[in-house]
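Asker: Right, I'll just put the structure down here and ask away after.
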Amino acid sequence: MTKTLEVERLSVTYATREGGLQALREVSLEVPAGQIVGIVGESGCGKSTLIGALLHLLPENATRTGGSIRLADEEIATASPRRLRDLRGQDMSVVFQDPMTSLNPVISIGRQMRDIQYRDRIGHAEKNDRAAAMLARVGMPDPKGKLSAYPHELSGGMRQRVAIAMAAMMMPKLLIADEPTTALDATLEIQIIELLKEIQKEIGCAILFISHHLGVIAELCDRVVVMYAGEVVEEGAVEEVFLRPAHPYTQKLIECDPGRLKRKVASLPSIPGSLPDLTNPPAGCIFRARCPYATDICIERPPRVTLTPPHWAACHHAQEVHG
Amino acid sequence: MNTPILSLRDVTVEFPGVSGLRALFTPSGQRRVQAVAGVSLDVAAGETLAIVGESGSGKTTLARAINGLVPLAAGEVWFDGTPLHDRSDWREVRRRVAMMFQDPVGSLSPRKTVRDLLLEPFAIHGMPSNGREETALRLLQDAGLGADFLNRYPHELSGGQARRVGVARALALGPTLVLADEPTAGLDVSIQGEILNLLNGIKVSHGLTTVIITHNLNILRHIADRVAVMYLGRIVELGPVEDILTSPVHPYTQALMAANPEPDPTARRKRLALRGETPALNDRPSGCEFHSRCPMARPDCAVRAPELAPSRTGGIVSCHYPLPAISEVS
């Protein structure tokens with residue numbers, strides 16, 4: 001199986017007044033060609049930093065302190081700005097959480113969609129036709145007429161459809177979706193998820209889908225990567241990870257989702273404690289302080305325990321948790 | 001139901017829909033949009049009613065109208081036997097009707113310490129807080145935080161802690177009714193359970209009646225007794241929480257509940273797909289306002305507007321062709 005994206009031991013640190021904040025620590029994950037891979041984690045787990053690192057869009061106080069990022073076997077962690085300009089939009093594209101901030105508010109939808117075809121030596125009319133066809137593909141009513149519309153004239157759901165049309169237009173190898181449904185209502189969320197599935201089938205790209213919503217990940221993804229406090233703690237096929245988690249954090253996170261409970265319970269589960277200070281992360285297992293399985297051995301860095309490949313978890317007690 | 005502590009009768013809230021020059025050329029009837037369009041409901045003492053709906057359905061506006069934060073265009077609000085709709089002084093009402101706002105950090109003044117934030121309600125209402133320090137501490141402990149939080153500023157709190165301070169503030173003056181707007185918004189899954197347990201706990205210990213506004217359908221079963229579903233500023237269905245979740249009567253309720261992806265990858269449920277998006281408030285469809293998106297709409301739905309009528313679950317529903325119970329289908 002070829003890999004569209006392979007991230008290996010990627011580390012990113014932010015310079016802050018309190019010292020270096022280690023937002024990503026030796027993150028490894030892979031996105032096989034043609035698959036939809038979900039990244040799930042709560043606030044502060046490093047999801048956004050990871051995307052910023054993939055696209056080289058990190059703020060100025062961030063430094064990549066190690067690791068590699070390979071897009072279709074090409075090392076891009078050290079790629080030149082010129083090469084990145086070629087890759088972004090063409091080989092990898094992004095759908096951001098809020099389409100109102102990713103679309104230019106003072107330029108018409110049509111012009112924005114023509115502009116992203118700047119590499120193609122075709123005429124204005126042809127670019128327009130392609131843009132309209134793409135809008136029709138994502139379910140936009142009156143696609144030709146919408147080319148002259150401005151982002152503020154569209155509803156949130158329609159704006160997100162435009163963002164997806166623009167991201168898919170260049171047939172990227174990798175489409176990154178950063179919480180694309182968080183700002184949308186439930187009934188629209190489902191429509192967008194269905195649309196992403198269809199787009200994936202049609203252009204055969206791989207999708208890296210970031211979300212904090214376990215239900216959406218379960219619904220959409222083939223594989224899932226679970227992140228906690230800047231580390232990947234578990235990775236595997238969605239069915240494997242959700243039905244038989246092997247990392248205590250994954251297990252607790254799934255238990256905490258009230259959507260799972262079909263009967264009213266007296267007390268809802270939660271994970272006591274809070275995130276560790278990432279300017280001075282504790283030695284050994286990062287989840288140790290909040291983990292019900294923790295023992296003395298957890299003071300040492302946990303190994304990667306492989307279960308049913310590609311399912312693995314970074315935990316000394318993975319077998320016990322897996323059951 | 002026992003005597004309701006809160007009664008709404010045809011509550012309507014309007015906002016200006018067009019402004020500036022354009023308003024001059026718009027017929028007067030179309031200048032305003034109805035964010036809440038004739039809502040009637042009763043909340044019994046000690047009950048928890050959840051109001052659900054998508055953005056723009058008017059659920060937050062309804063809560064703000066109850067508390068007098070937006071004026072009523074028409075209708076009546078009765079709280080514990082007193083009319084709130086023709087009242088000029090809200091101070092006494094707000095002592096008994098507390099509001100928990102949506103944004104946990106944003107609703108706390110960034111320049112005040114937690115102690116000042118907790119004592120502020122007493123100052124505003126000119127009430128003695130007999131022993132300031134003890135009062136602040138007691139409120140904080142009721143909300144599950146320790147004394148070391150008294151001197152902190154809002155930016156030094158996590159989302160869950162800020163939410164707890166919001167709960168403590170709401171409880172400060174010993175209210176009867178609490179209006180909680182999106183109590184889990186912005187909270188991670190791993191801590192939202194704590195906050196909901198806290199809310200359930202204080203509800204019992206303080207004997208509160210609560211109205212919870214939420215779009216988080218997963219939490220309904222664990223916090224609410226009854227659920228009102230809103231669409232375009234109207235209630236389309238109201239019923240016991242378990243019926244709303246598992247045996248809804250209105251097609252919109254069913255679609256809304258089914259649009260909630262489950263964290264179980266083996267559950268691939270059959271969805272009632274909705275067409276398109278919610279219409280704009282100034283462009284309400286004719287007849288049943290849901291007909292433009294309803295997969296079960298029949299021709300007369302576009303003509304006749306349904307009235308709210310008793311449903312098979314003991315609640316109310318506005319639909320010409322309400323859904324049968326699942327057992328009746330099979």
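Just remember, in the structure tokens the first chain shown is A, the second B, etc., residues are 1-based per chain, and ligands are 1-based in the order shown.
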How close does each residue of chain A get to chain B, giving the shortest atom pair and distance in Å to one decimal for every residue with an atom at most 10 Å away, counting only C-alpha atoms, sorted by chain and residue number, as JSON lines?

Answerer:
```
{"residue": "A:Gly41", "atom": "CA", "partner": "B:Asp188", "partner_atom": "CA", "distance": 9.1}
{"residue": "A:Glu42", "atom": "CA", "partner": "B:Asp188", "partner_atom": "CA", "distance": 5.9}
{"residue": "A:Ser43", "atom": "CA", "partner": "B:Asp188", "partner_atom": "CA", "distance": 6.9}
{"residue": "A:Gly139", "atom": "CA", "partner": "B:Gly276", "partner_atom": "CA", "distance": 9.3}
{"residue": "A:Met140", "atom": "CA", "partner": "B:Gly276", "partner_atom": "CA", "distance": 9.7}
{"residue": "A:Pro141", "atom": "CA", "partner": "B:Gly276", "partner_atom": "CA", "distance": 9.4}
{"residue": "A:Ser155", "atom": "CA", "partner": "B:Glu277", "partner_atom": "CA", "distance": 8.6}
{"residue": "A:Gly156", "atom": "CA", "partner": "B:Glu277", "partner_atom": "CA", "distance": 9.7}
{"residue": "A:Gly157", "atom": "CA", "partner": "B:Glu277", "partner_atom": "CA", "distance": 7.7}
{"residue": "A:Met158", "atom": "CA", "partner": "B:Glu277", "partner_atom": "CA", "distance": 9.0}
{"residue": "A:Ala183", "atom": "CA", "partner": "B:Ser55", "partner_atom": "CA", "distance": 9.9}
{"residue": "A:Leu184", "atom": "CA", "partner": "B:Ser55", "partner_atom": "CA", "distance": 8.5}
{"residue": "A:Asp185", "atom": "CA", "partner": "B:Glu54", "partner_atom": "CA", "distance": 5.7}
{"residue": "A:Ala186", "atom": "CA", "partner": "B:Ala259", "partner_atom": "CA", "distance": 5.7}
{"residue": "A:Thr187", "atom": "CA", "partner": "B:Ala259", "partner_atom": "CA", "distance": 5.3}
{"residue": "A:Leu188", "atom": "CA", "partner": "B:Glu277", "partner_atom": "CA", "distance": 7.2}
{"residue": "A:Glu189", "atom": "CA", "partner": "B:Ala259", "partner_atom": "CA", "distance": 7.8}
{"residue": "A:Ile190", "atom": "CA", "partner": "B:Ala259", "partner_atom": "CA", "distance": 6.0}
{"residue": "A:Gln191", "atom": "CA", "partner": "B:Ala273", "partner_atom": "CA", "distance": 8.3}
{"residue": "A:His212", "atom": "CA", "partner": "B:Asp188", "partner_atom": "CA", "distance": 8.1}
{"residue": "A:His213", "atom": "CA", "partner": "B:Pro263", "partner_atom": "CA", "distance": 8.3}
{"residue": "A:Leu214", "atom": "CA", "partner": "B:Pro263", "partner_atom": "CA", "distance": 5.2}
{"residue": "A:Gly215", "atom": "CA", "partner": "B:Pro263", "partner_atom": "CA", "distance": 3.9}
{"residue": "A:Val216", "atom": "CA", "partner": "B:Pro261", "partner_atom": "CA", "distance": 5.6}
{"residue": "A:Ile217", "atom": "CA", "partner": "B:Pro263", "partner_atom": "CA", "distance": 7.6}
{"residue": "A:Ala218", "atom": "CA", "partner": "B:Pro265", "partner_atom": "CA", "distance": 4.7}
{"residue": "A:Glu219", "atom": "CA", "partner": "B:Pro265", "partner_atom": "CA", "distance": 6.1}
{"residue": "A:Leu220", "atom": "CA", "partner": "B:Pro265", "partner_atom": "CA", "distance": 8.8}
{"residue": "A:Cys221", "atom": "CA", "partner": "B:Pro265", "partner_atom": "CA", "distance": 9.0}
{"residue": "A:Asp222", "atom": "CA", "partner": "B:Pro265", "partner_atom": "CA", "distance": 9.6}
{"residue": "A:Val238", "atom": "CA", "partner": "B:Pro265", "partner_atom": "CA", "distance": 6.9}
{"residue": "A:Glu239", "atom": "CA", "partner": "B:Pro265", "partner_atom": "CA", "distance": 5.8}
{"residue": "A:Glu240", "atom": "CA", "partner": "B:Pro265", "partner_atom": "CA", "distance": 9.3}
{"residue": "A:Val241", "atom": "CA", "partner": "B:Pro265", "partner_atom": "CA", "distance": 9.7}
{"residue": "A:Phe242", "atom": "CA", "partner": "B:Asp264", "partner_atom": "CA", "distance": 6.9}
{"residue": "A:Leu243", "atom": "CA", "partner": "B:Asp264", "partner_atom": "CA", "distance": 7.4}
{"residue": "A:Tyr249", "atom": "CA", "partner": "B:Ser190", "partner_atom": "CA", "distance": 9.7}
{"residue": "A:Lys252", "atom": "CA", "partner": "B:Ser190", "partner_atom": "CA", "distance": 7.8}
{"residue": "A:Leu253", "atom": "CA", "partner": "B:Ser190", "partner_atom": "CA", "distance": 6.0}
{"residue": "A:Ile254", "atom": "CA", "partner": "B:Pro263", "partner_atom": "CA", "distance": 7.4}
{"residue": "A:Glu255", "atom": "CA", "partner": "B:Ser190", "partner_atom": "CA", "distance": 8.8}
{"residue": "A:Cys256", "atom": "CA", "partner": "B:Ser190", "partner_atom": "CA", "distance": 5.7}
{"residue": "A:Asp257", "atom": "CA", "partner": "B:Val189", "partner_atom": "CA", "distance": 6.2}
{"residue": "A:Pro258", "atom": "CA", "partner": "B:Asn218", "partner_atom": "CA", "distance": 5.5}
{"residue": "A:Gly259", "atom": "CA", "partner": "B:Asn218", "partner_atom": "CA", "distance": 4.4}
{"residue": "A:Arg260", "atom": "CA", "partner": "B:Pro263", "partner_atom": "CA", "distance": 6.5}
{"residue": "A:Leu261", "atom": "CA", "partner": "B:Asn218", "partner_atom": "CA", "distance": 8.6}
{"residue": "A:Lys262", "atom": "CA", "partner": "B:Arg221", "partner_atom": "CA", "distance": 8.2}
{"residue": "A:Arg263", "atom": "CA", "partner": "B:Arg221", "partner_atom": "CA", "distance": 7.4}
{"residue": "A:Lys264", "atom": "CA", "partner": "B:His222", "partner_atom": "CA", "distance": 5.2}
{"residue": "A:Val265", "atom": "CA", "partner": "B:His222", "partner_atom": "CA", "distance": 6.5}
{"residue": "A:Ala266", "atom": "CA", "partner": "B:His222", "partner_atom": "CA", "distance": 7.9}
{"residue": "A:Ser267", "atom": "CA", "partner": "B:Asn197", "partner_atom": "CA", "distance": 5.9}
{"residue": "A:Leu268", "atom": "CA", "partner": "B:Gly193", "partner_atom": "CA", "distance": 4.9}
{"residue": "A:Pro269", "atom": "CA", "partner": "B:Gly193", "partner_atom": "CA", "distance": 5.6}
{"residue": "A:Ser270", "atom": "CA", "partner": "B:Ser190", "partner_atom": "CA", "distance": 4.9}
{"residue": "A:Ile271", "atom": "CA", "partner": "B:Ser190", "partner_atom": "CA", "distance": 5.2}
{"residue": "A:Pro272", "atom": "CA", "partner": "B:Ile191", "partner_atom": "CA", "distance": 7.6}
{"residue": "A:Gly273", "atom": "CA", "partner": "B:Ile191", "partner_atom": "CA", "distance": 9.2}
{"residue": "A:Ser274", "atom": "CA", "partner": "B:Ser158", "partner_atom": "CA", "distance": 8.9}
```

Asker: Which parts of segment 17-228 of chain A does DSSP call strand (DSSP E) when run on the backbone here, written out as an NGL selection string?

Answerer: :A and (19-32 or 36-40 or 62-71 or 74-75 or 92-95 or 174-178 or 206-211 or 223-228)

Asker: Those residues you just picked out, can you put them in a file as a short mmCIF file (atom, residue, chain, number, x, y, z; two decimals), in the first residue's frame with N, CA and C atoms?

Answerer:
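Written file, again32.cif:
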```
data_model
loop_
_atom_site.label_atom_id
_atom_site.label_comp_id
_atom_site.auth_asym_id
_atom_site.auth_seq_id
_atom_site.Cartn_x
_atom_site.Cartn_y
_atom_site.Cartn_z
N GLY A 19 9.13 29.90 28.31
CA GLY A 19 10.09 28.94 27.80
C GLY A 19 9.52 28.21 26.59
N GLY A 20 10.26 27.20 26.10
CA GLY A 20 9.83 26.48 24.92
C GLY A 20 8.63 25.59 25.20
N LEU A 21 7.53 25.80 24.48
CA LEU A 21 6.35 24.98 24.66
C LEU A 21 6.37 23.88 23.61
N GLN A 22 6.50 22.65 24.08
CA GLN A 22 6.67 21.52 23.15
C GLN A 22 5.31 21.04 22.66
N ALA A 23 4.81 21.70 21.62
CA ALA A 23 3.44 21.44 21.17
C ALA A 23 3.31 20.09 20.47
N LEU A 24 4.36 19.66 19.76
CA LEU A 24 4.36 18.32 19.15
C LEU A 24 5.65 17.63 19.56
N ARG A 25 5.53 16.41 20.03
CA ARG A 25 6.72 15.67 20.44
C ARG A 25 6.75 14.31 19.75
N GLU A 26 7.65 14.20 18.76
CA GLU A 26 7.87 12.95 18.03
C GLU A 26 6.58 12.33 17.53
N VAL A 27 5.84 13.13 16.78
CA VAL A 27 4.57 12.65 16.24
C VAL A 27 4.83 11.86 14.95
N SER A 28 4.34 10.63 14.90
CA SER A 28 4.43 9.82 13.69
C SER A 28 3.04 9.36 13.31
N LEU A 29 2.74 9.45 12.03
CA LEU A 29 1.46 8.92 11.55
C LEU A 29 1.56 8.75 10.05
N GLU A 30 0.67 7.93 9.50
CA GLU A 30 0.67 7.80 8.05
C GLU A 30 -0.74 7.83 7.49
N VAL A 31 -0.83 8.34 6.26
CA VAL A 31 -2.11 8.38 5.56
C VAL A 31 -1.94 7.56 4.29
N PRO A 32 -2.48 6.32 4.25
CA PRO A 32 -2.36 5.51 3.04
C PRO A 32 -3.16 6.14 1.89
N ILE A 36 -9.35 7.70 4.24
CA ILE A 36 -9.71 8.85 5.05
C ILE A 36 -9.22 8.58 6.47
N VAL A 37 -8.28 9.42 6.90
CA VAL A 37 -7.70 9.23 8.23
C VAL A 37 -8.14 10.38 9.13
N GLY A 38 -8.65 10.04 10.27
CA GLY A 38 -9.11 11.05 11.22
C GLY A 38 -8.07 11.30 12.29
N ILE A 39 -7.94 12.56 12.70
CA ILE A 39 -7.12 12.87 13.87
C ILE A 39 -8.07 13.38 14.93
N VAL A 40 -8.11 12.72 16.07
CA VAL A 40 -9.03 13.14 17.11
C VAL A 40 -8.24 13.51 18.35
N ALA A 62 7.22 29.50 16.11
CA ALA A 62 7.28 28.04 16.12
C ALA A 62 8.50 27.55 15.35
N THR A 63 9.13 26.50 15.88
CA THR A 63 10.27 25.90 15.20
C THR A 63 10.05 24.41 15.10
N ARG A 64 10.36 23.85 13.92
CA ARG A 64 10.36 22.40 13.81
C ARG A 64 11.69 21.92 14.35
N THR A 65 11.67 21.17 15.44
CA THR A 65 12.92 20.79 16.08
C THR A 65 13.38 19.41 15.63
N GLY A 66 12.62 18.75 14.79
CA GLY A 66 13.07 17.46 14.29
C GLY A 66 11.95 16.75 13.55
N GLY A 67 12.35 15.68 12.85
CA GLY A 67 11.35 14.86 12.19
C GLY A 67 11.20 15.14 10.72
N SER A 68 10.46 14.26 10.04
CA SER A 68 10.30 14.42 8.60
C SER A 68 8.83 14.30 8.22
N ILE A 69 8.49 14.94 7.09
CA ILE A 69 7.14 14.89 6.53
C ILE A 69 7.30 14.51 5.07
N ARG A 70 6.77 13.38 4.67
CA ARG A 70 6.89 12.98 3.27
C ARG A 70 5.51 12.94 2.62
N LEU A 71 5.38 13.71 1.54
CA LEU A 71 4.15 13.72 0.77
C LEU A 71 4.42 12.94 -0.51
N GLU A 74 8.02 12.40 -1.19
CA GLU A 74 8.89 13.57 -1.30
C GLU A 74 9.01 14.24 0.05
N GLU A 75 10.24 14.50 0.48
CA GLU A 75 10.45 15.15 1.78
C GLU A 75 10.01 16.62 1.66
N MET A 92 -1.51 19.22 -2.22
CA MET A 92 -2.26 19.15 -0.96
C MET A 92 -3.05 20.44 -0.78
N SER A 93 -4.28 20.28 -0.34
CA SER A 93 -5.12 21.45 -0.15
C SER A 93 -5.87 21.30 1.16
N VAL A 94 -6.43 22.41 1.62
CA VAL A 94 -7.05 22.41 2.95
C VAL A 94 -8.45 22.98 2.91
N VAL A 95 -9.31 22.41 3.72
CA VAL A 95 -10.60 23.03 4.02
C VAL A 95 -10.53 23.42 5.49
N LEU A 174 -3.58 14.91 -1.43
CA LEU A 174 -3.99 14.92 -0.03
C LEU A 174 -4.88 16.12 0.24
N LEU A 175 -6.06 15.85 0.78
CA LEU A 175 -6.95 16.93 1.17
C LEU A 175 -7.00 16.95 2.70
N ILE A 176 -6.65 18.10 3.27
CA ILE A 176 -6.66 18.22 4.73
C ILE A 176 -7.93 18.97 5.12
N ALA A 177 -8.72 18.39 6.00
CA ALA A 177 -9.95 19.04 6.46
C ALA A 177 -9.82 19.30 7.95
N ASP A 178 -9.73 20.60 8.30
CA ASP A 178 -9.51 20.97 9.70
C ASP A 178 -10.84 21.35 10.34
N ALA A 206 -6.40 11.11 -0.77
CA ALA A 206 -6.45 10.74 0.65
C ALA A 206 -6.94 11.95 1.41
N ILE A 207 -7.66 11.71 2.50
CA ILE A 207 -8.15 12.83 3.30
C ILE A 207 -7.63 12.70 4.72
N LEU A 208 -7.08 13.80 5.22
CA LEU A 208 -6.70 13.87 6.63
C LEU A 208 -7.74 14.75 7.30
N PHE A 209 -8.56 14.15 8.17
CA PHE A 209 -9.73 14.83 8.71
C PHE A 209 -9.53 15.07 10.20
N ILE A 210 -9.48 16.33 10.58
CA ILE A 210 -9.23 16.66 11.99
C ILE A 210 -10.56 16.99 12.67
N SER A 211 -10.81 16.40 13.82
CA SER A 211 -12.06 16.67 14.52
C SER A 211 -11.91 16.35 15.99
N ARG A 223 -9.33 5.14 9.15
CA ARG A 223 -8.32 5.03 10.19
C ARG A 223 -8.42 6.21 11.12
N VAL A 224 -7.91 6.05 12.34
CA VAL A 224 -7.94 7.17 13.27
C VAL A 224 -6.61 7.26 14.03
N VAL A 225 -6.21 8.50 14.28
CA VAL A 225 -5.00 8.80 15.06
C VAL A 225 -5.48 9.57 16.28
N VAL A 226 -5.16 9.08 17.47
CA VAL A 226 -5.60 9.76 18.69
C VAL A 226 -4.43 10.55 19.26
N MET A 227 -4.64 11.85 19.49
CA MET A 227 -3.57 12.69 20.03
C MET A 227 -3.91 13.17 21.43
N TYR A 228 -2.89 13.26 22.26
CA TYR A 228 -3.06 13.84 23.60
C TYR A 228 -1.82 14.64 23.96
#
```

Asker: Between atom CA of His311 of chain A and atom CA of Cys45 of chain A, what distance in Å does the model show, to one decimal?

Answerer: 20.0 Å

Asker: Can you pull out every residue within 9 Å of Thr60 of chain B, counting only C-alpha atoms, but drop anything in the same chain fewer than 2 positions away, and send it as number ranges by chain?

Answerer: B: 51, 56-58, 62-65, 181-182, 213-214

Asker: For each of B:Glu289, B:Glu237, B:Asp243, B:Glu307, take the minimum atom-to-atom distance to Val52 of chain B, counting only C-alpha atoms, then give the residue where this is smallest.

Answerer: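 Looking at the shortest contact to Val52 of chain B, the residue is B:Glu237.
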
Asker: Using only C-alpha atoms, find the one residue out of B:Ala325, B:Val93, B:Val211, B:Leu84 that sits nearest to His250 of chain B.

Answerer: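 Of all the options, B:Ala325 lies closest to His250 of chain B.
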
Asker: Could you list, as a ChimeraX atom specification, every residue within 9 Å of segment 144-157 of chain B, counting only C-alpha atoms and ignoring same-chain residues fewer than 3 positions away?

Answerer: /B:105-106,108-116,118,136-137,139-141,160-162,164-165,198

Asker: With only C-alpha atoms as the atoms that count, which of B:Ala180, B:Leu281, B:Ala143, B:Met230 lies nearest to Ser205 of chain B?

Answerer: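 Looking at the shortest contact to Ser205 of chain B, the residue is B:Ala143.
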
Asker: Return the single residue from A:His316, A:Lys47, A:Arg88, A:Lys173 that is closest to His247 of chain A, with distances computed using only C-alpha atoms.

Answerer: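 Of A:His316, A:Lys47, A:Arg88, A:Lys173, the one nearest His247 of chain A, counting only C-alpha atoms, is A:His316.
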
Asker: Which residues in segment 134-254 of chain B does DSSP call alpha helix (DSSP H)? List them as a PyMOL selection string.

Answerer: chain B and resi 134-142+159-171+189-205+220-223+241-246+251-254

Asker: Export, as a short mmCIF file (atom, residue, chain, number, x, y, z; two decimals), in the first residue's frame, the selected residues with C-alpha atoms.

Answerer:
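Printed below is out_10.cif as written:
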```cif
data_model
loop_
_atom_site.label_atom_id
_atom_site.label_comp_id
_atom_site.auth_asym_id
_atom_site.auth_seq_id
_atom_site.Cartn_x
_atom_site.Cartn_y
_atom_site.Cartn_z
CA GLU B 134 -17.31 33.16 53.51
CA THR B 135 -20.02 33.80 50.93
CA ALA B 136 -17.57 33.78 48.03
CA LEU B 137 -15.94 30.65 49.33
CA ARG B 138 -19.24 28.85 49.86
CA LEU B 139 -20.39 29.66 46.31
CA LEU B 140 -17.09 28.51 44.91
CA GLN B 141 -17.21 25.25 46.84
CA ASP B 142 -20.79 24.61 45.72
CA GLY B 159 -12.82 26.44 30.12
CA GLY B 160 -14.28 24.05 32.66
CA GLN B 161 -13.22 26.20 35.63
CA ALA B 162 -14.65 29.35 34.03
CA ARG B 163 -17.90 27.47 33.51
CA ARG B 164 -17.92 26.55 37.19
CA VAL B 165 -17.46 30.21 38.16
CA GLY B 166 -20.43 30.98 35.87
CA VAL B 167 -22.48 28.38 37.74
CA ALA B 168 -21.45 29.86 41.09
CA ARG B 169 -22.42 33.37 39.95
CA ALA B 170 -25.80 32.15 38.73
CA LEU B 171 -26.45 30.59 42.14
CA VAL B 189 -15.79 15.85 25.96
CA SER B 190 -13.61 14.74 28.86
CA ILE B 191 -14.79 17.56 31.13
CA GLN B 192 -18.33 18.20 29.94
CA GLY B 193 -19.48 15.27 32.09
CA GLU B 194 -18.19 17.07 35.21
CA ILE B 195 -20.13 20.22 34.40
CA LEU B 196 -23.35 18.34 33.67
CA ASN B 197 -22.99 16.37 36.90
CA LEU B 198 -22.53 19.69 38.71
CA LEU B 199 -25.66 21.12 37.09
CA ASN B 200 -27.68 18.02 37.93
CA GLY B 201 -26.36 18.16 41.50
CA ILE B 202 -27.20 21.81 42.21
CA LYS B 203 -30.59 21.34 40.59
CA VAL B 204 -31.45 18.85 43.32
CA SER B 205 -29.61 20.52 46.21
CA LEU B 220 -30.28 15.56 26.45
CA ARG B 221 -31.04 12.20 28.00
CA HIS B 222 -28.84 12.98 30.99
CA ILE B 223 -30.07 16.45 31.83
CA VAL B 241 -36.99 13.35 26.52
CA GLU B 242 -36.92 9.62 25.83
CA ASP B 243 -39.71 9.87 23.22
CA ILE B 244 -38.02 12.80 21.51
CA LEU B 245 -34.81 10.77 21.26
CA THR B 246 -36.13 7.36 20.31
CA PRO B 251 -40.15 14.55 10.81
CA TYR B 252 -37.81 17.42 11.69
CA THR B 253 -37.18 15.99 15.14
CA GLN B 254 -36.41 12.64 13.59
#
```

Asker: If you count only C-alpha atoms, which residues fall within 10 Å of segment 3-19 of chain B, apart from same-chain ones fewer than 5 positions away, as a ChimeraX atom specification?

Answerer: /B:24-26,30-47,58,61-62,64-66,70-85,176-177,209,211,233-234,281-282

Asker: Export C-alpha atoms of the chosen residues as a short mmCIF file (atom, residue, chain, number, x, y, z; two decimals), in the first residue's frame?

Answerer:
```cif
data_model
loop_
_atom_site.label_atom_id
_atom_site.label_comp_id
_atom_site.auth_asym_id
_atom_site.auth_seq_id
_atom_site.Cartn_x
_atom_site.Cartn_y
_atom_site.Cartn_z
CA LEU B 24 -37.80 53.00 3.08
CA PHE B 25 -38.62 50.87 0.06
CA THR B 26 -39.70 47.79 1.97
CA GLN B 30 -41.62 42.95 5.88
CA ARG B 31 -39.27 45.27 7.72
CA ARG B 32 -39.07 43.08 10.78
CA VAL B 33 -38.28 39.39 11.15
CA GLN B 34 -39.77 37.21 13.84
CA ALA B 35 -36.95 35.40 15.61
CA VAL B 36 -39.44 33.84 18.00
CA ALA B 37 -42.90 33.45 16.49
CA GLY B 38 -45.63 32.65 18.97
CA VAL B 39 -44.11 30.21 21.45
CA SER B 40 -46.29 28.82 24.25
CA LEU B 41 -45.03 26.43 26.87
CA ASP B 42 -45.18 25.63 30.56
CA VAL B 43 -42.34 24.61 32.84
CA ALA B 44 -43.27 22.88 36.09
CA ALA B 45 -41.43 23.59 39.32
CA GLY B 46 -38.36 21.41 39.67
CA GLU B 47 -38.48 20.35 36.05
CA GLY B 58 -34.64 31.26 18.07
CA THR B 61 -33.58 34.62 21.82
CA LEU B 62 -36.39 32.83 23.62
CA ARG B 64 -33.26 36.12 26.60
CA ALA B 65 -36.90 37.13 26.17
CA ILE B 66 -37.85 35.25 29.35
CA VAL B 70 -34.79 41.39 24.55
CA PRO B 71 -38.24 43.04 24.45
CA LEU B 72 -41.33 41.03 23.59
CA ALA B 73 -43.18 42.10 20.46
CA ALA B 74 -46.25 40.21 21.63
CA GLY B 75 -47.28 37.53 24.08
CA GLU B 76 -47.06 36.93 27.79
CA VAL B 77 -44.48 35.50 30.18
CA TRP B 78 -45.68 34.45 33.63
CA PHE B 79 -43.18 33.56 36.30
CA ASP B 80 -44.48 32.18 39.58
CA GLY B 81 -47.79 34.00 39.21
CA THR B 82 -46.33 37.38 38.24
CA PRO B 83 -46.46 38.77 34.73
CA LEU B 84 -43.02 39.59 33.35
CA HIS B 85 -44.34 41.01 30.12
CA THR B 176 -35.66 29.69 41.60
CA LEU B 177 -35.23 29.39 37.86
CA THR B 209 -36.17 24.68 37.85
CA VAL B 211 -34.38 25.68 31.13
CA GLY B 233 -38.75 30.46 15.81
CA ARG B 234 -41.59 28.06 16.53
CA LEU B 281 -36.55 34.15 8.69
CA ASN B 282 -37.74 36.86 6.30
#
```

Asker: If we count only C-alpha atoms, what is near Asn128 of chain A at a cut-off of 12 Å, once residues fewer than 2 positions away on the same chain are taken out, given as a list in words?

Answerer: Ile109, Gly110, Arg111, Gln112, Met113, Arg114, Asp115, Ile116, Gln117, Ile122, Gly123, His124, Ala125, Glu126, Arg130, Ala131, Ala132, Ala133, Met134, Leu135, Pro143, Lys144, Gly145, Lys146, Leu147 and Ser148 of chain A

Asker: May I ask for the distance between atom CA of Arg301 of chain A and atom CA of Ala314 of chain A, given in Å to one decimal place?

Answerer: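 Atom CA of Arg301 of chain A sits 8.8 Å away from atom CA of Ala314 of chain A.
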
Asker: Considering only C-alpha atoms, state which residue in the set A:Arg83, A:His152, A:Arg159, A:His317 is at the smallest distance from Phe96 of chain A.

Answerer: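 Closest to Phe96 of chain A of all the choices is A:Arg159.
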
Asker: So which one's closest to Leu173 of chain B, B:Asp225, B:Thr210, B:Gly126, B:Asp103? Using only C-alpha atoms, please.

Answerer: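 Result for the nearest residue to Leu173 of chain B: B:Gly126.
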